[in-house]
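Below: query11.pdb (PDB, C-alpha atoms, pLDDT in the B column)
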```pdb
ATOM      1  CA  MET V   1       5.238 -25.983 -18.658  1.00 48.00           C
ATOM      2  CA  PRO V   2       3.556 -22.580 -18.295  1.00 52.00           C
ATOM      3  CA  LEU V   3       5.515 -19.815 -16.661  1.00 67.00           C
ATOM      4  CA  THR V   4       3.822 -18.358 -13.612  1.00 77.00           C
ATOM      5  CA  LYS V   5       4.670 -15.008 -12.167  1.00 81.00           C
ATOM      6  CA  PRO V   6       5.438 -14.797  -8.459  1.00 86.00           C
ATOM      7  CA  LYS V   7       2.435 -13.636  -6.473  1.00 90.00           C
ATOM      8  CA  ILE V   8       2.427 -10.092  -5.166  1.00 93.00           C
ATOM      9  CA  ALA V   9       1.669  -9.740  -1.461  1.00 94.00           C
ATOM     10  CA  PHE V  10       0.180  -6.549  -0.117  1.00 96.00           C
ATOM     11  CA  LYS V  11      -1.594  -5.123   2.918  1.00 96.00           C
ATOM     12  CA  ILE V  12      -4.467  -2.682   3.051  1.00 97.00           C
ATOM     13  CA  ILE V  13      -4.770  -0.292   5.978  1.00 98.00           C
ATOM     14  CA  LEU V  14      -7.625   2.134   6.460  1.00 98.00           C
ATOM     15  CA  CYS V  15      -6.555   5.434   7.953  1.00 97.00           C
ATOM     16  CA  ASP V  16      -7.525   9.075   8.171  1.00 96.00           C
ATOM     17  CA  ALA V  17      -4.864  10.301   5.758  1.00 96.00           C
ATOM     18  CA  ALA V  18      -1.968   8.772   3.869  1.00 96.00           C
ATOM     19  CA  GLN V  19       0.836   9.888   1.661  1.00 95.00           C
ATOM     20  CA  ALA V  20       3.110   7.611  -0.323  1.00 95.00           C
ATOM     21  CA  ASP V  21       6.785   8.463  -0.571  1.00 91.00           C
ATOM     22  CA  PRO V  22       7.962   7.523  -4.067  1.00 88.00           C
ATOM     23  CA  SER V  23      11.648   7.831  -3.250  1.00 83.00           C
ATOM     24  CA  THR V  24      11.729   5.434  -0.300  1.00 85.00           C
ATOM     25  CA  GLY V  25       8.640   3.279  -0.745  1.00 87.00           C
ATOM     26  CA  LYS V  26       7.409   4.333   2.694  1.00 92.00           C
ATOM     27  CA  MET V  27       3.854   5.219   3.647  1.00 95.00           C
ATOM     28  CA  HIS V  28       3.109   8.158   5.910  1.00 96.00           C
ATOM     29  CA  MET V  29      -0.181   7.581   7.707  1.00 97.00           C
ATOM     30  CA  LEU V  30      -2.359   9.328  10.267  1.00 97.00           C
ATOM     31  CA  GLY V  31      -5.099   7.675  12.303  1.00 96.00           C
ATOM     32  CA  ALA V  32      -4.543   4.163  10.985  1.00 96.00           C
ATOM     33  CA  GLY V  33      -6.510   1.060  11.852  1.00 95.00           C
ATOM     34  CA  TRP V  34     -10.108   2.203  12.187  1.00 96.00           C
ATOM     35  CA  THR V  35     -12.948  -0.192  11.388  1.00 96.00           C
ATOM     36  CA  MET V  36     -16.056   1.921  12.048  1.00 95.00           C
ATOM     37  CA  MET V  37     -17.162   5.277  10.808  1.00 94.00           C
ATOM     38  CA  GLY V  38     -20.226   7.504  10.878  1.00 94.00           C
ATOM     39  CA  THR V  39     -22.051   8.785   7.849  1.00 91.00           C
ATOM     40  CA  PRO V  40     -21.317  10.836   5.892  1.00 90.00           C
ATOM     41  CA  THR V  41     -17.896   9.411   6.303  1.00 92.00           C
ATOM     42  CA  SER V  42     -14.976  11.511   7.373  1.00 92.00           C
ATOM     43  CA  PRO V  43     -12.241  12.138   4.841  1.00 94.00           C
ATOM     44  CA  HIS V  44     -10.213   8.963   4.943  1.00 96.00           C
ATOM     45  CA  ALA V  45      -7.551   7.072   3.054  1.00 97.00           C
ATOM     46  CA  VAL V  46      -6.797   3.602   1.832  1.00 97.00           C
ATOM     47  CA  ALA V  47      -3.129   2.731   2.169  1.00 97.00           C
ATOM     48  CA  ILE V  48      -1.726  -0.187   0.235  1.00 97.00           C
ATOM     49  CA  MET V  49       1.712  -1.525   1.007  1.00 96.00           C
ATOM     50  CA  VAL V  50       3.044  -3.834  -1.654  1.00 96.00           C
ATOM     51  CA  GLN V  51       5.903  -6.312  -1.462  1.00 95.00           C
ATOM     52  CA  VAL V  52       7.075  -6.786  -5.016  1.00 94.00           C
ATOM     53  CA  PRO V  53       9.007  -9.995  -5.719  1.00 93.00           C
ATOM     54  CA  TRP V  54      12.480  -9.529  -7.163  1.00 92.00           C
ATOM     55  CA  ASP V  55      11.421 -11.142 -10.415  1.00 90.00           C
ATOM     56  CA  ARG V  56       8.721  -8.539 -10.943  1.00 91.00           C
ATOM     57  CA  ALA V  57      10.894  -5.470 -10.661  1.00 90.00           C
ATOM     58  CA  ASN V  58      10.833  -3.070 -13.594  1.00 87.00           C
ATOM     59  CA  GLU V  59       7.342  -4.215 -14.438  1.00 89.00           C
ATOM     60  CA  LYS V  60       4.363  -1.892 -14.521  1.00 90.00           C
ATOM     61  CA  LEU V  61       1.933  -3.122 -11.899  1.00 93.00           C
ATOM     62  CA  PRO V  62      -1.628  -1.832 -12.287  1.00 94.00           C
ATOM     63  CA  VAL V  63      -3.324  -1.064  -8.977  1.00 95.00           C
ATOM     64  CA  ARG V  64      -7.066  -0.644  -8.610  1.00 95.00           C
ATOM     65  CA  ILE V  65      -9.063   0.112  -5.478  1.00 96.00           C
ATOM     66  CA  GLU V  66     -12.822  -0.126  -5.390  1.00 96.00           C
ATOM     67  CA  LEU V  67     -15.459   0.435  -2.737  1.00 97.00           C
ATOM     68  CA  LEU V  68     -17.921  -2.452  -2.453  1.00 97.00           C
ATOM     69  CA  ASP V  69     -21.013  -2.855  -0.291  1.00 95.00           C
ATOM     70  CA  GLY V  70     -21.859  -5.789   1.968  1.00 93.00           C
ATOM     71  CA  ASP V  71     -23.144  -7.785  -0.998  1.00 94.00           C
ATOM     72  CA  GLY V  72     -19.943  -7.311  -2.926  1.00 94.00           C
ATOM     73  CA  LYS V  73     -21.495  -4.837  -5.350  1.00 95.00           C
ATOM     74  CA  SER V  74     -19.746  -1.699  -6.432  1.00 95.00           C
ATOM     75  CA  VAL V  75     -20.900   1.325  -4.430  1.00 95.00           C
ATOM     76  CA  GLU V  76     -22.233   4.128  -6.573  1.00 93.00           C
ATOM     77  CA  ILE V  77     -22.508   7.680  -5.362  1.00 89.00           C
ATOM     78  CA  PRO V  78     -25.109  10.022  -6.847  1.00 83.00           C
ATOM     79  CA  GLY V  79     -23.586  13.124  -8.333  1.00 74.00           C
ATOM     80  CA  ASP V  80     -23.720  15.474 -11.258  1.00 73.00           C
ATOM     81  CA  GLY V  81     -24.121  13.440 -14.429  1.00 72.00           C
ATOM     82  CA  GLY V  82     -25.505  10.348 -12.686  1.00 81.00           C
ATOM     83  CA  SER V  83     -24.265   7.734 -10.281  1.00 87.00           C
ATOM     84  CA  GLN V  84     -20.584   6.938 -10.193  1.00 89.00           C
ATOM     85  CA  PRO V  85     -18.648   3.991  -8.855  1.00 92.00           C
ATOM     86  CA  ILE V  86     -16.005   4.867  -6.291  1.00 94.00           C
ATOM     87  CA  HIS V  87     -12.637   3.625  -7.403  1.00 94.00           C
ATOM     88  CA  GLY V  88      -9.064   4.691  -7.896  1.00 93.00           C
ATOM     89  CA  GLU V  89      -6.386   3.457 -10.278  1.00 93.00           C
ATOM     90  CA  ALA V  90      -2.652   3.858 -10.553  1.00 93.00           C
ATOM     91  CA  GLU V  91       0.465   2.128 -11.767  1.00 92.00           C
ATOM     92  CA  LEU V  92       3.445   1.143  -9.684  1.00 92.00           C
ATOM     93  CA  GLU V  93       6.864   0.166 -10.903  1.00 90.00           C
ATOM     94  CA  VAL V  94       9.742  -0.848  -8.703  1.00 90.00           C
ATOM     95  CA  GLY V  95      13.387  -0.796  -9.676  1.00 87.00           C
ATOM     96  CA  ARG V  96      16.231  -2.810  -8.192  1.00 87.00           C
ATOM     97  CA  PRO V  97      18.363  -0.482  -6.080  1.00 83.00           C
ATOM     98  CA  PRO V  98      22.123  -1.102  -6.253  1.00 84.00           C
ATOM     99  CA  GLY V  99      23.470  -3.156  -3.382  1.00 88.00           C
ATOM    100  CA  VAL V 100      20.249  -4.939  -2.566  1.00 87.00           C
ATOM    101  CA  ALA V 101      20.647  -8.685  -2.123  1.00 91.00           C
ATOM    102  CA  HIS V 102      19.435 -10.785  -5.018  1.00 90.00           C
ATOM    103  CA  GLY V 103      15.930 -12.072  -4.370  1.00 90.00           C
ATOM    104  CA  SER V 104      14.930  -9.349  -1.919  1.00 92.00           C
ATOM    105  CA  LEU V 105      11.348  -8.168  -1.743  1.00 93.00           C
ATOM    106  CA  LEU V 106      10.973  -4.587  -2.960  1.00 92.00           C
ATOM    107  CA  SER V 107       8.483  -2.274  -1.355  1.00 93.00           C
ATOM    108  CA  ALA V 108       6.018   0.000  -3.098  1.00 94.00           C
ATOM    109  CA  VAL V 109       3.085   1.975  -1.749  1.00 95.00           C
ATOM    110  CA  PHE V 110      -0.167   3.441  -2.992  1.00 96.00           C
ATOM    111  CA  ALA V 111      -2.394   5.871  -1.109  1.00 96.00           C
ATOM    112  CA  LEU V 112      -5.909   6.858  -2.106  1.00 96.00           C
ATOM    113  CA  ASN V 113      -7.344   9.739  -0.090  1.00 96.00           C
ATOM    114  CA  VAL V 114     -11.113   9.821  -0.299  1.00 95.00           C
ATOM    115  CA  ALA V 115     -13.492  12.727   0.251  1.00 92.00           C
ATOM    116  CA  PRO V 116     -16.523  12.250   2.556  1.00 92.00           C
ATOM    117  CA  LEU V 117     -18.982   9.696   1.225  1.00 92.00           C
ATOM    118  CA  PRO V 118     -22.733   9.717   1.922  1.00 91.00           C
ATOM    119  CA  LEU V 119     -22.960   5.986   2.663  1.00 93.00           C
ATOM    120  CA  ALA V 120     -25.960   4.188   4.109  1.00 93.00           C
ATOM    121  CA  LEU V 121     -25.488   2.249   7.329  1.00 95.00           C
ATOM    122  CA  GLY V 122     -23.966  -1.164   6.765  1.00 95.00           C
ATOM    123  CA  ARG V 123     -20.830  -3.058   5.997  1.00 97.00           C
ATOM    124  CA  TYR V 124     -18.454  -2.087   3.229  1.00 97.00           C
ATOM    125  CA  GLU V 125     -15.060  -3.063   1.975  1.00 97.00           C
ATOM    126  CA  TRP V 126     -12.258  -1.487   0.036  1.00 97.00           C
ATOM    127  CA  ARG V 127     -11.091  -4.129  -2.392  1.00 97.00           C
ATOM    128  CA  ALA V 128      -7.710  -3.721  -4.015  1.00 97.00           C
ATOM    129  CA  SER V 129      -6.165  -5.478  -6.942  1.00 96.00           C
ATOM    130  CA  VAL V 130      -2.439  -5.327  -7.661  1.00 95.00           C
ATOM    131  CA  ALA V 131      -1.485  -6.872 -10.995  1.00 93.00           C
ATOM    132  CA  GLY V 132      -4.359  -9.332 -10.675  1.00 91.00           C
ATOM    133  CA  ASP V 133      -3.847 -10.327  -7.036  1.00 93.00           C
ATOM    134  CA  THR V 134      -6.648  -9.107  -4.768  1.00 95.00           C
ATOM    135  CA  ALA V 135      -7.236  -8.353  -1.103  1.00 95.00           C
ATOM    136  CA  ALA V 136      -9.865  -6.440   0.846  1.00 96.00           C
ATOM    137  CA  GLU V 137     -10.308  -4.536   4.094  1.00 97.00           C
ATOM    138  CA  SER V 138     -13.792  -4.123   5.476  1.00 97.00           C
ATOM    139  CA  PHE V 139     -15.356  -1.455   7.668  1.00 97.00           C
ATOM    140  CA  GLN V 140     -18.735  -0.636   9.037  1.00 96.00           C
ATOM    141  CA  VAL V 141     -20.760   2.531   8.719  1.00 95.00           C
ATOM    142  CA  VAL V 142     -22.613   3.138  11.965  1.00 93.00           C
ATOM    143  CA  VAL V 143     -24.845   5.848  13.368  1.00 85.00           C
ATOM    144  CA  ARG V 144     -22.727   8.863  14.058  1.00 69.00           C
ATOM    145  CA  GLN V 145     -22.332   9.493  17.758  1.00 54.00           C
ATOM    146  CA  THR V 146     -23.363  12.948  18.848  1.00 56.00           C
ATOM    147  CA  GLY V 147     -22.324  14.940  21.843  1.00 46.00           C
TER
ATOM    148  CA  MET J   1      20.116   0.625 -30.934  1.00 52.00           C
ATOM    149  CA  ASN J   2      20.247   3.078 -33.777  1.00 58.00           C
ATOM    150  CA  ASP J   3      22.252   3.212 -36.979  1.00 59.00           C
ATOM    151  CA  GLY J   4      24.405   5.882 -35.332  1.00 64.00           C
ATOM    152  CA  ASP J   5      25.501   3.408 -32.671  1.00 65.00           C
ATOM    153  CA  PHE J   6      27.783   1.563 -35.100  1.00 71.00           C
ATOM    154  CA  TYR J   7      31.050   2.627 -36.602  1.00 75.00           C
ATOM    155  CA  GLU J   8      33.707   1.337 -38.939  1.00 79.00           C
ATOM    156  CA  ASP J   9      37.366   1.203 -37.983  1.00 79.00           C
ATOM    157  CA  ASP J  10      38.358   3.673 -40.672  1.00 84.00           C
ATOM    158  CA  GLU J  11      36.035   6.385 -39.380  1.00 84.00           C
ATOM    159  CA  PRO J  12      37.469   9.497 -37.691  1.00 87.00           C
ATOM    160  CA  LEU J  13      38.669   8.913 -34.154  1.00 87.00           C
ATOM    161  CA  GLU J  14      36.429  11.676 -32.770  1.00 86.00           C
ATOM    162  CA  LYS J  15      33.339  10.006 -34.161  1.00 83.00           C
ATOM    163  CA  ILE J  16      34.330   6.629 -32.773  1.00 83.00           C
ATOM    164  CA  GLN J  17      35.043   8.125 -29.342  1.00 83.00           C
ATOM    165  CA  ALA J  18      31.756  10.001 -29.351  1.00 82.00           C
ATOM    166  CA  ILE J  19      29.889   6.798 -29.967  1.00 78.00           C
ATOM    167  CA  ARG J  20      31.853   4.762 -27.435  1.00 78.00           C
ATOM    168  CA  ARG J  21      31.514   7.373 -24.697  1.00 78.00           C
ATOM    169  CA  ARG J  22      27.878   8.151 -25.326  1.00 71.00           C
ATOM    170  CA  VAL J  23      25.577   7.742 -22.355  1.00 64.00           C
ATOM    171  CA  PRO J  24      23.572   4.593 -23.059  1.00 57.00           C
ATOM    172  CA  ASP J  25      19.916   5.124 -23.819  1.00 52.00           C
ATOM    173  CA  PHE J  26      18.779   1.698 -22.766  1.00 51.00           C
ATOM    174  CA  VAL J  27      18.456   2.717 -19.128  1.00 50.00           C
ATOM    175  CA  THR J  28      14.945   3.480 -18.002  1.00 47.00           C
ATOM    176  CA  ARG J  29      14.179   7.048 -18.941  1.00 47.00           C
ATOM    177  CA  ARG J  30      11.160   7.328 -16.681  1.00 50.00           C
ATOM    178  CA  PRO J  31      12.098   6.665 -13.070  1.00 55.00           C
ATOM    179  CA  ALA J  32      10.338   3.779 -11.398  1.00 61.00           C
ATOM    180  CA  SER J  33       7.419   4.796  -9.248  1.00 82.00           C
ATOM    181  CA  ARG J  34       7.571   3.190  -5.843  1.00 89.00           C
ATOM    182  CA  GLY J  35       4.854   5.372  -4.418  1.00 92.00           C
ATOM    183  CA  VAL J  36       1.702   6.968  -5.747  1.00 93.00           C
ATOM    184  CA  THR J  37      -0.649   9.258  -3.830  1.00 94.00           C
ATOM    185  CA  LEU J  38      -4.031  10.060  -5.293  1.00 94.00           C
ATOM    186  CA  TYR J  39      -7.026  12.019  -4.105  1.00 93.00           C
ATOM    187  CA  LEU J  40     -10.565  10.965  -4.946  1.00 92.00           C
ATOM    188  CA  GLY J  41     -13.426  13.401  -4.635  1.00 89.00           C
ATOM    189  CA  PRO J  42     -16.028  15.439  -6.447  1.00 86.00           C
ATOM    190  CA  SER J  43     -14.557  17.867  -8.919  1.00 82.00           C
ATOM    191  CA  THR J  44     -15.441  21.464  -8.163  1.00 80.00           C
ATOM    192  CA  ALA J  45     -15.729  22.039 -11.917  1.00 79.00           C
ATOM    193  CA  THR J  46     -17.881  19.105 -13.017  1.00 80.00           C
ATOM    194  CA  GLY J  47     -19.272  17.647  -9.801  1.00 80.00           C
ATOM    195  CA  LYS J  48     -18.128  14.202 -10.915  1.00 85.00           C
ATOM    196  CA  TRP J  49     -15.934  12.095  -8.693  1.00 87.00           C
ATOM    197  CA  GLU J  50     -12.443  12.151 -10.100  1.00 87.00           C
ATOM    198  CA  GLN J  51      -9.033  11.067  -8.960  1.00 89.00           C
ATOM    199  CA  THR J  52      -6.349  13.700  -8.986  1.00 88.00           C
ATOM    200  CA  ALA J  53      -2.726  13.914  -7.999  1.00 85.00           C
ATOM    201  CA  GLU J  54      -3.409  17.025  -5.920  1.00 78.00           C
ATOM    202  CA  PRO J  55      -5.653  17.276  -2.852  1.00 76.00           C
ATOM    203  CA  VAL J  56      -9.277  17.949  -3.740  1.00 62.00           C
ATOM    204  CA  THR J  57     -11.584  20.257  -1.902  1.00 57.00           C
ATOM    205  CA  LEU J  58     -13.299  18.016   0.567  1.00 49.00           C
ATOM    206  CA  GLY J  59     -16.697  18.744   1.904  1.00 47.00           C
ATOM    207  CA  ALA J  60     -20.175  19.746   0.996  1.00 44.00           C
ATOM    208  CA  ALA J  61     -20.244  18.548  -2.607  1.00 45.00           C
ATOM    209  CA  ALA J  62     -19.874  14.959  -1.469  1.00 46.00           C
ATOM    210  CA  CYS J  63     -22.540  15.230   1.200  1.00 48.00           C
ATOM    211  CA  PRO J  64     -25.837  16.386  -0.234  1.00 45.00           C
TER
END
```
Produce structure tokens that represent the structure in this file.
Amino acid sequence: MPLTKPKIAFKIILCDAAQADPSTGKMHMLGAGWTMMGTPTSPHAVAIMVQVPWDRANEKLPVRIELLDGDGKSVEIPGDGGSQPIHGEAELEVGRPPGVAHGSLLSAVFALNVAPLPLALGRYEWRASVAGDTAAESFQVVVRQTG
Amino acid sequence: MNDGDFYEDDEPLEKIQAIRRRVPDFVTRRPASRGVTLYLGPSTATGKWEQTAEPVTLGAAACP
């Protein structure tokens, strides 16, 4: 019988700024929960809060975040040296703190702060993958309100 | 484990004690990372979008 690893659950929250605290596994966020933005976008952040199963502690968990357009294609931004996909990558690893009950979920966090993006109007999503499990959070780029 | 982790009973007491009291090296040397913060933006040096561990200069380079 093949061994299957417990699935990793995580949430994605779009916010204006985020900072992950490596010592506590907490996320510090500002301006969380937006779903619409003008273009060019404001500086913003993608906050990922991961619940790591007990059995997957002390395992390196690759995290990847990618910006996709409404068709599910990777968004590419023109820049020096050609177009570039917008993505971020990191690795999380959670230990088992002493005194924690056996089987507890262990928290880990990842924050990607993104500079302003010159996006066309439309629907987009930040898609995240944590050790192979994926989730996405969508947002819409609308005409910037003036005045 | 290394060859130096083993001892014979007829070895000097100091050597045996040094081995037995040594701090184990099988604990994780690199602390686990429960939180990672990265910044993604155009590099002021190359103009390419790069992720860094320090805040990038946000602004005009990303918005032609």
Inset, instruction - Taking the file as shown, find all residues satisfying the PyMOL selection byres ((chain V and resi 117) around 6) and write them as a ChimeraX atom specification. - result: /V:40-41,116,118-119 /J:62
Inset, instruction - Go through V:Leu106, V:Val141, V:Ala115, V:Ile86 one by one, measure the shortest atom-to-atom distance of each to Gly25 in chain V using only C-alpha atoms, and give the residue with the smallest value. - result: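 Comparing V:Leu106, V:Val141, V:Ala115, V:Ile86 against Gly25 in chain V, the winner is V:Leu106.
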Legend entry - Residue hits in chain V, query chain J, radius 6 Å, all atoms listed in the file, as a ChimeraX atom specification: /V:19-22,25,80,92-95,108-118
Inset, instruction - Find the spatial neighbours of range 1-17 of chain V, counting all atoms listed in the file, within a cut-off of 10 Å - ignore same-chain residues fewer than 5 positions away - and output them as a ChimeraX atom specification. - result: /V:28-35,42-56,61,105,107-114,126-139
Inset, instruction - Can you work out the spacing between CA of Pro78 in chain V and CA of Tyr124 in chain V in Å, to one decimal? - result: 17.1 Å
Legend entry - Atomic distance CA of Leu121 in chain V - CA of Gly38 in chain V, expressed in Å with one decimal: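 Atom-to-atom, CA of Leu121 in chain V to CA of Gly38 in chain V, that is 8.2 Å.
These residues, each with an atom at most 6 Å from (-7.3, -0.4, -6.7) using only C-alpha atoms, are Val63, Arg64, Ile65, Glu66, Gly88, Glu89, Ala128 and Ser129 of chain V.
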Legend entry - Residues within 7 Å of (33.9, 5.2, -31.7), counting all atoms listed in the file, listed as a PyMOL selection string: chain J and resi 7+13+15-20
Inset, instruction - Please evaluate the PyMOL selection byres ((chain V and resi 75) around 9) against the displayed coordinates and give the resulting residues as a list in words. - result: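 In the shown coordinates, the PyMOL selection byres ((chain V and resi 75) around 9) covers Glu66, Leu67, Leu68, Asp69, Gly72, Lys73, Ser74, Glu76, Ile77, Gln84, Pro85, Ile86, Leu119 and Tyr124 of chain V.
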Inset, instruction - In Å, rounded to a single decimal, give me how far CA of Val143 in chain V is from CA of Gly70 in chain V. - result: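 Here the two named atoms are 16.6 Å from each other.
With distances restricted to all atoms listed in the file, V:Gln140 is the closest residue to Glu125 in chain V from V:Ser104, V:Asn58, V:Ser23, V:Gln140.
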